[in-house]
$ cat target_10.cif   # mmCIF, C-alpha atoms and all ligand atoms
data_start
#
loop_
_atom_site.label_atom_id
_atom_site.label_comp_id
_atom_site.auth_asym_id
_atom_site.auth_seq_id
_atom_site.Cartn_x
_atom_site.Cartn_y
_atom_site.Cartn_z
CA MET A 1 90.99 122.80 83.32
CA ALA A 2 89.22 121.14 86.20
CA SER A 3 85.77 122.20 85.09
CA HIS A 4 86.04 119.89 82.08
CA PHE A 5 86.66 116.92 84.30
CA ARG A 6 83.65 117.08 86.60
CA SER A 7 80.01 117.86 86.14
CA ALA A 8 78.65 121.08 87.59
CA GLU A 9 76.92 119.17 90.40
CA GLN A 10 80.10 117.36 91.25
CA GLN A 11 82.34 120.40 91.06
CA GLY A 12 83.25 122.14 94.27
CA ALA A 13 82.15 119.87 97.03
CA VAL A 14 84.11 116.90 95.78
CA ASP A 15 87.33 117.24 97.71
CA ASP A 16 85.66 117.55 101.06
CA GLU A 17 83.05 114.98 100.20
CA LEU A 18 85.59 112.35 99.29
CA MET A 19 86.98 112.45 102.77
CA GLN A 20 83.57 112.69 104.44
CA PHE A 21 82.53 109.64 102.49
CA VAL A 22 84.99 107.53 104.41
CA PRO A 23 83.51 105.87 107.46
CA SER A 24 85.07 107.10 110.68
CA ASP A 25 86.40 103.62 111.29
CA ALA A 26 88.12 103.63 107.91
CA ALA A 27 91.53 102.85 109.27
CA PRO A 28 91.81 99.16 109.99
CA GLN A 29 91.44 98.70 113.71
CA ALA A 30 92.11 95.03 114.08
CA PRO A 31 92.84 93.85 110.59
CA THR A 32 93.30 90.33 109.50
CA ALA A 33 95.45 89.74 106.45
CA SER A 34 92.47 89.29 104.16
CA ALA A 35 90.19 91.92 105.63
CA ASP A 36 92.92 94.48 105.32
CA ASP A 37 93.16 93.87 101.61
CA THR A 38 89.51 93.50 100.84
CA GLY A 39 88.79 97.04 101.88
CA GLU A 40 87.87 96.95 105.50
CA LEU A 41 87.34 100.67 105.14
CA PHE A 42 84.09 99.87 103.39
CA SER A 43 81.91 98.27 105.97
CA SER A 44 79.38 96.66 103.66
CA ASP A 45 78.18 93.09 103.97
CA ALA A 46 79.55 92.38 100.55
CA VAL A 47 83.03 93.31 101.60
CA ALA A 48 82.72 91.25 104.74
CA SER A 49 81.67 88.28 102.65
CA ALA A 50 84.82 88.65 100.61
CA SER A 51 87.13 87.70 103.45
CA SER A 52 89.39 84.85 102.52
CA THR A 53 87.66 82.40 104.84
CA GLU A 54 84.40 82.75 102.92
CA MET A 55 85.69 83.35 99.44
CA PRO A 56 86.03 79.89 97.87
CA GLU A 57 82.30 79.35 97.23
CA ALA A 58 81.60 82.99 96.45
CA VAL A 59 84.20 83.57 93.78
CA HIS A 60 83.67 82.45 90.26
CA VAL A 61 86.94 82.50 88.38
CA VAL A 62 86.46 82.40 84.64
CA THR A 63 89.15 80.54 82.76
CA ALA A 64 90.07 81.13 79.16
CA ALA A 65 88.81 77.67 78.25
CA GLU A 66 85.37 78.32 79.69
CA PRO A 67 82.76 79.54 77.23
CA ALA A 68 81.93 83.12 78.14
CA VAL A 69 78.58 83.26 76.41
CA GLU A 70 75.87 84.35 78.81
CA SER A 71 73.22 81.68 78.95
CA ALA A 72 69.60 82.41 79.78
CA ASP A 73 69.01 79.10 81.56
CA GLN A 74 72.26 79.29 83.52
CA PRO A 75 72.06 82.27 85.83
CA ALA A 76 75.40 83.92 86.44
CA PRO A 77 76.84 82.92 89.79
CA GLU A 78 76.94 85.53 92.51
CA SER A 79 80.07 87.56 91.96
CA VAL A 80 82.44 88.99 94.49
CA TYR A 81 81.89 92.29 92.66
CA SER A 82 78.08 92.21 92.84
CA SER A 83 78.00 94.90 95.49
CA LEU A 84 79.54 97.27 92.96
CA SER A 85 76.72 97.07 90.44
CA ASN A 86 75.93 100.41 88.90
CA ASP A 87 72.35 100.58 90.16
CA GLU A 88 72.77 103.36 92.65
CA ALA A 89 75.55 105.24 90.92
CA PRO A 90 74.72 108.87 90.28
CA ALA A 91 73.54 109.53 86.74
CA VAL A 92 76.15 111.10 84.51
CA SER A 93 75.03 113.82 82.19
CA ARG A 94 76.65 113.16 78.85
CA THR A 95 76.34 116.70 77.64
CA GLY A 96 78.66 119.67 77.57
CA THR A 97 82.38 119.36 77.11
CA PRO A 98 83.70 115.80 77.31
CA THR A 99 86.60 115.14 79.67
CA VAL A 100 88.21 113.04 76.93
CA SER A 101 87.42 113.22 73.26
CA PHE A 102 89.02 111.18 70.50
CA LYS A 103 88.28 112.36 66.98
CA ASN A 104 89.32 109.92 64.25
CA VAL A 105 92.45 109.02 66.12
CA SER A 106 95.04 106.67 64.67
CA LEU A 107 98.28 105.61 66.28
CA ILE A 108 101.09 103.95 64.39
CA TYR A 109 104.19 102.78 66.22
CA PRO A 110 107.31 103.22 64.07
CA ALA A 111 108.19 99.56 64.68
CA GLN A 112 104.90 98.46 63.09
CA PRO A 113 104.23 100.97 60.30
CA ASN A 114 101.69 98.76 58.53
CA LYS A 115 99.62 97.84 61.56
CA PRO A 116 98.04 100.77 63.37
CA ALA A 117 97.71 100.17 67.11
CA LEU A 118 94.61 102.39 66.96
CA ASP A 119 92.70 103.00 63.77
CA ASP A 120 90.22 105.83 63.33
CA VAL A 121 89.00 105.82 66.93
CA SER A 122 86.33 108.33 67.91
CA LEU A 123 84.79 108.48 71.38
CA ASP A 124 83.72 110.91 74.07
CA ILE A 125 84.00 110.37 77.81
CA TYR A 126 82.12 112.80 80.02
CA PRO A 127 82.83 114.14 83.50
CA GLY A 128 81.99 111.62 86.21
CA GLU A 129 81.85 108.56 83.95
CA PHE A 130 83.35 105.20 84.87
CA VAL A 131 84.50 103.50 81.69
CA PHE A 132 85.98 100.06 81.21
CA VAL A 133 88.19 99.52 78.16
CA VAL A 134 88.25 95.85 77.21
CA GLY A 135 89.57 93.67 74.40
CA HIS A 136 92.15 91.07 73.47
CA SER A 137 95.74 91.45 74.39
CA GLY A 138 97.23 93.72 71.73
CA SER A 139 93.87 95.31 70.83
CA GLY A 140 95.11 98.79 71.79
CA LYS A 141 93.88 99.40 75.36
CA SER A 142 97.16 100.63 76.82
CA SER A 143 97.87 102.65 73.70
CA LEU A 144 94.52 104.42 74.09
CA LEU A 145 95.27 105.24 77.74
CA ARG A 146 98.76 106.44 76.92
CA LEU A 147 97.35 108.89 74.40
CA ILE A 148 95.20 110.40 77.18
CA THR A 149 98.24 110.99 79.38
CA ARG A 150 100.27 112.18 76.39
CA GLU A 151 102.84 109.46 76.91
CA LEU A 152 102.11 108.92 73.22
CA LYS A 153 101.08 111.34 70.51
CA ALA A 154 98.44 110.40 67.94
CA SER A 155 99.67 109.85 64.41
CA SER A 156 96.50 111.47 63.10
CA GLY A 157 93.22 112.80 64.44
CA GLN A 158 92.68 114.74 67.64
CA VAL A 159 92.93 113.74 71.28
CA ILE A 160 91.25 116.38 73.42
CA VAL A 161 91.53 116.17 77.19
CA ALA A 162 89.91 118.80 79.38
CA GLY A 163 89.33 120.94 76.33
CA GLN A 164 92.96 120.86 75.23
CA ASP A 165 94.15 119.28 72.01
CA LEU A 166 97.00 117.04 73.10
CA THR A 167 98.18 116.56 69.54
CA LYS A 168 99.06 120.26 69.53
CA MET A 169 100.15 120.58 73.15
CA ARG A 170 103.76 121.63 73.62
CA ASN A 171 105.92 119.24 75.57
CA LYS A 172 106.59 121.79 78.29
CA LYS A 173 102.86 121.90 79.06
CA VAL A 174 102.51 118.14 79.45
CA PRO A 175 103.52 118.12 83.16
CA TYR A 176 100.60 120.45 83.88
CA LEU A 177 98.23 118.09 82.09
CA ARG A 178 99.58 115.16 84.12
CA ARG A 179 98.84 116.92 87.39
CA GLN A 180 95.19 116.57 86.45
CA ILE A 181 95.44 112.85 85.73
CA GLY A 182 96.11 110.15 88.30
CA THR A 183 97.53 106.91 86.92
CA VAL A 184 97.43 103.40 88.34
CA TYR A 185 99.24 100.48 86.73
CA GLN A 186 99.23 96.73 87.05
CA ASP A 187 102.76 96.65 88.47
CA PHE A 188 102.18 99.37 91.09
CA LYS A 189 105.37 101.27 90.19
CA LEU A 190 106.23 102.08 93.79
CA LEU A 191 109.69 103.28 94.75
CA PRO A 192 111.17 100.35 96.70
CA ASP A 193 113.49 102.39 98.90
CA LYS A 194 110.77 104.79 100.07
CA THR A 195 108.17 104.13 102.72
CA VAL A 196 104.44 104.16 102.00
CA TYR A 197 104.28 107.75 103.29
CA GLU A 198 107.29 108.81 101.24
CA ASN A 199 105.95 107.18 98.06
CA VAL A 200 102.75 109.17 98.31
CA ALA A 201 104.46 112.35 99.50
CA PHE A 202 106.84 112.16 96.56
CA ALA A 203 103.95 112.68 94.14
CA LEU A 204 103.17 116.00 95.82
CA GLU A 205 106.79 117.05 96.25
CA CYS A 206 107.41 116.51 92.53
CA ILE A 207 104.82 119.13 91.69
CA GLY A 208 106.18 121.59 94.21
CA LYS A 209 103.52 121.34 96.92
CA PRO A 210 104.61 122.94 100.20
CA ARG A 211 105.48 120.72 103.14
CA SER A 212 102.38 121.81 105.00
CA VAL A 213 100.20 120.44 102.19
CA VAL A 214 102.19 117.21 102.07
CA LYS A 215 101.87 116.74 105.81
CA ALA A 216 98.13 117.31 105.69
CA GLN A 217 97.18 115.41 102.55
CA VAL A 218 99.34 112.30 102.70
CA PRO A 219 97.99 110.94 106.01
CA GLU A 220 94.48 111.85 104.90
CA VAL A 221 94.65 109.88 101.65
CA LEU A 222 96.37 106.96 103.38
CA ARG A 223 93.49 106.85 105.84
CA LEU A 224 91.12 106.81 102.89
CA VAL A 225 92.75 103.72 101.43
CA GLY A 226 92.96 102.06 104.85
CA LEU A 227 96.73 102.21 105.18
CA ALA A 228 97.12 104.80 107.91
CA GLU A 229 98.85 102.27 110.10
CA ARG A 230 101.28 101.17 107.41
CA MET A 231 102.72 104.59 106.63
CA ASN A 232 106.22 103.66 107.67
CA HIS A 233 106.36 100.30 105.93
CA PHE A 234 108.34 99.74 102.75
CA PRO A 235 106.63 98.31 99.65
CA ASP A 236 108.23 94.88 100.07
CA GLN A 237 106.61 94.61 103.51
CA LEU A 238 103.13 94.93 101.98
CA SER A 239 100.82 92.51 100.19
CA GLY A 240 100.01 93.06 96.53
CA GLY A 241 96.63 94.56 97.40
CA GLU A 242 98.18 96.92 99.91
CA GLN A 243 100.81 97.99 97.41
CA GLN A 244 98.11 98.73 94.88
CA ARG A 245 96.24 100.78 97.47
CA VAL A 246 99.40 102.82 97.96
CA SER A 247 99.53 103.45 94.24
CA VAL A 248 95.86 104.48 94.23
CA ALA A 249 96.64 106.81 97.15
CA ARG A 250 99.56 108.24 95.22
CA ALA A 251 97.37 108.74 92.15
CA MET A 252 94.68 110.47 94.20
CA VAL A 253 96.69 112.54 96.66
CA ASN A 254 96.68 115.53 94.36
CA ARG A 255 92.93 114.99 93.91
CA PRO A 256 93.06 114.82 90.13
CA PRO A 257 89.70 114.91 88.39
CA LEU A 258 90.64 112.08 86.00
CA LEU A 259 91.98 108.67 86.93
CA VAL A 260 93.47 106.42 84.25
CA CYS A 261 94.05 102.82 85.31
CA ASP A 262 95.77 100.18 83.19
CA GLU A 263 94.81 96.75 84.54
CA PRO A 264 95.10 97.86 88.18
CA THR A 265 93.87 94.49 89.41
CA GLY A 266 95.79 92.43 86.85
CA ASN A 267 98.16 91.04 89.47
CA LEU A 268 95.60 90.59 92.25
CA ASP A 269 93.22 87.80 93.12
CA PRO A 270 89.44 88.51 93.12
CA ALA A 271 89.12 89.14 96.86
CA ILE A 272 91.93 91.65 96.81
CA SER A 273 90.70 93.18 93.56
CA LEU A 274 87.38 93.87 95.24
CA GLY A 275 89.05 96.21 97.72
CA ILE A 276 90.72 98.12 94.89
CA MET A 277 87.49 98.30 92.89
CA LYS A 278 85.58 99.53 95.95
CA LEU A 279 88.12 102.28 96.22
CA LEU A 280 87.94 103.24 92.54
CA ASP A 281 84.14 103.11 92.68
CA LEU A 282 84.11 105.37 95.73
CA ILE A 283 86.46 107.80 94.04
CA ASN A 284 84.25 107.81 90.94
CA ARG A 285 81.05 108.32 92.93
CA ASN A 286 82.64 111.41 94.35
CA GLY A 287 83.08 112.91 90.93
CA THR A 288 86.35 111.65 89.50
CA THR A 289 86.17 110.35 85.96
CA VAL A 290 87.67 106.85 85.85
CA ILE A 291 88.92 105.11 82.70
CA MET A 292 90.15 101.59 83.29
CA ALA A 293 91.58 98.95 80.98
CA THR A 294 90.97 95.42 82.22
CA HIS A 295 90.80 91.76 81.29
CA ASP A 296 88.64 90.99 84.31
CA ARG A 297 85.45 89.65 82.83
CA GLU A 298 83.75 89.01 86.15
CA MET A 299 84.36 92.53 87.37
CA VAL A 300 83.09 94.14 84.18
CA ASP A 301 80.03 91.92 84.04
CA SER A 302 79.15 92.69 87.65
CA MET A 303 79.72 96.41 87.73
CA ARG A 304 77.71 97.25 84.61
CA LYS A 305 79.54 100.42 83.76
CA ARG A 306 80.10 101.81 80.32
CA VAL A 307 82.24 99.43 78.27
CA ILE A 308 84.35 100.38 75.27
CA ALA A 309 85.62 97.30 73.46
CA LEU A 310 88.60 97.38 71.13
CA GLU A 311 89.59 94.89 68.49
CA ALA A 312 92.77 95.33 66.49
CA GLY A 313 92.76 99.06 67.18
CA HIS A 314 89.10 99.65 66.33
CA VAL A 315 86.24 100.44 68.70
CA VAL A 316 83.88 97.54 68.08
CA ARG A 317 81.46 98.25 70.93
CA ASP A 318 80.62 101.23 73.14
CA GLN A 319 77.90 100.23 75.52
CA GLU A 320 76.33 101.90 78.51
CA ARG A 321 76.04 99.47 81.42
CA GLY A 322 77.79 96.86 79.32
CA GLY A 323 79.33 93.47 79.98
CA TYR A 324 82.72 92.13 79.08
CA GLY A 325 81.69 90.21 75.98
CA TYR A 326 83.58 87.31 74.51
CA TYR A 327 87.23 87.70 73.63
CA GLY A 328 88.31 84.08 73.75
CA ALA A 329 91.65 83.30 75.34
CA LEU A 330 93.24 86.28 77.02
N1 LIG A 401 106.27 100.32 71.79
C1 LIG A 401 105.66 99.65 70.81
N2 LIG A 401 106.22 99.52 69.61
C2 LIG A 401 105.61 98.87 68.60
N3 LIG A 401 104.38 98.32 68.71
C3 LIG A 401 103.77 98.42 69.89
C4 LIG A 401 104.36 99.09 71.00
N4 LIG A 401 103.50 99.04 72.04
C5 LIG A 401 102.43 98.37 71.61
N5 LIG A 401 102.59 98.00 70.33
C6 LIG A 401 101.61 97.27 69.51
O1 LIG A 401 100.41 98.01 69.50
C7 LIG A 401 99.29 97.14 69.57
C8 LIG A 401 98.43 97.52 70.78
O2 LIG A 401 99.20 97.30 71.96
P1 LIG A 401 98.65 97.68 73.40
O3 LIG A 401 99.79 97.53 74.34
O4 LIG A 401 97.98 98.98 73.32
O5 LIG A 401 97.57 96.53 73.62
P2 LIG A 401 96.73 96.13 74.90
O6 LIG A 401 95.31 96.01 74.47
O7 LIG A 401 97.04 97.05 76.00
O8 LIG A 401 97.28 94.69 75.23
P3 LIG A 401 97.41 93.94 76.67
O9 LIG A 401 96.03 93.49 77.02
O10 LIG A 401 98.32 92.80 76.38
O11 LIG A 401 98.00 94.90 77.64
C9 LIG A 401 99.84 95.73 69.62
O12 LIG A 401 99.85 95.21 68.31
C10 LIG A 401 101.27 95.93 70.09
O13 LIG A 401 102.10 94.93 69.59
MG MG A 402 97.92 96.83 77.88
#
$ encode --input "target_10.cif" --output "structure tokens" --more "lines below"
Ligand SMILES: Nc1ncnc2c1ncn2[C@@H]1O[C@H](COP(=O)(O)OP(=O)(O)OP(=O)(O)O)[C@@H](O)[C@H]1O
Ligand SMILES: [Mg+2]
Amino acid sequence: MASHFRSAEQQGAVDDELMQFVPSDAAPQAPTASADDTGELFSSDAVASASSTEMPEAVHVVTAAEPAVESADQPAPESVYSSLSNDEAPAVSRTGTPTVSFKNVSLIYPAQPNKPALDDVSLDIYPGEFVFVVGHSGSGKSSLLRLITRELKASSGQVIVAGQDLTKMRNKKVPYLRRQIGTVYQDFKLLPDKTVYENVAFALECIGKPRSVVKAQVPEVLRLVGLAERMNHFPDQLSGGEQQRVSVARAMVNRPPLLVCDEPTGNLDPAISLGIMKLLDLINRNGTTVIMATHDREMVDSMRKRVIALEAGHVVRDQERGGYGYYGAL
């Protein structure tokens, strides 16, 4: 299955590379509250500039009331996410077998039989891509993601993930599919009575990984997300950004080739979101395909990744290196 998730160049070396990619000082040595959240593990100037003491001038928060039309004579203000622009991202070859393929997919919830949540959606997402899914509230973003994880089954059409038709997949095979897909949600979904270590370990224990693997991989992934020193804390002792980093660690600990994120920064302010996006960008640059639903206009406009826009269940735009576009009030 894995070969459908990553390109040939990315295959193989990825697991080791992901860890090598982390600077040796990845674990926060002397963190401040803001530096810890903004991804101190990434020692770029841009991250440094995102510390809370310097943020107010740097961050441009777009409000719903503000016109979102890009104006030629008004250059866009420097964004906290600028450092994540796609310029140096490795090129993705959009050939071969897509990681995710929707063929004329419609989804009708029984409670709304006359209003399809998704209507005749066709798209292909290739190994190594980073794709934003944008659109109004209710446009179908979460529904699209939940079809990929087989939390939902299409009413018609085909959803093919890693070469397997999920509309025909037997329920007993779904857990095996899910082992290949990490998921990150807006509300973190951490277990409150487990420590950071235990939350991440639980993901491996659930799929029957031996203790030796758990003991090796959990500290490693927590180092990657900069939480090595918080292993024994409980979720309610962490900031929102730290909690989300735990959930990214949990999603990645099994090193799945596909990461599906539903508004992972929806509850976080821009400085904290930057740390999470740095992490997702790093994971993507090491070969993991990332599909992310978001309302964060500034992030999408800065990162210039592929953008798939939905409106009332239809794909209305599919743009390489796209921007957020205008969706009025969110
Ligand atoms: N369980 C459900 N039962 C019935 N209708 C649903 C259900 N879940 C979602 N819908 C409907 O499906 C459509 C798409 O919803 P979805 O949650 O996918 O939108 P979304 O783009 O993720 O919105 P948001 O940005 O608010 O998260 C909406 O009209 C919604 O009301
Ligand atoms: Mg949603």
$ atom_distance --input "target_10.cif" --atom1 "atom CA of Asp120 of chain A" --atom2 "atom CA of Asp262 of chain A"
21.4 Å
$ atom_distance --input "target_10.cif" --atom1 "atom CA of Val248 of chain A" --atom2 "atom CA of Thr183 of chain A"
7.9 Å
$ residues_around --input "target_10.cif" --residues "segment 318-327 of chain A" --least-positions-apart "6" --cutoff "10 Å" --atoms "all atoms listed in the file" --output "number ranges by chain"
A: 64, 67-70, 85-87, 123, 130-137, 294-311
$ residues_around --input "target_10.cif" --residues "Glu263 of chain A" --least-positions-apart "3" --cutoff "7 Å" --atoms "all atoms listed in the file" --output "PyMOL selection string"
chain A and resi 185-186+266+292-294
$ closest_residue --input "target_10.cif" --among "A:Ile272, A:Ile160, A:Val214, A:Cys261" --to "ligand LIG 401 (chain A)" --atoms "only C-alpha atoms and all ligand atoms"
A:Cys261
$ residues_around --input "target_10.cif" --residues "Leu152 of chain A" --least-positions-apart "5" --cutoff "8 Å" --atoms "only C-alpha atoms" --output "list in words"
Ser143, Arg146 and Leu147 of chain A
$ closest_residue --input "target_10.cif" --among "A:Val200, A:Leu238, A:Val213, A:Pro264" --to "ligand MG 402 (chain A)" --atoms "only C-alpha atoms and all ligand atoms"
A:Pro264
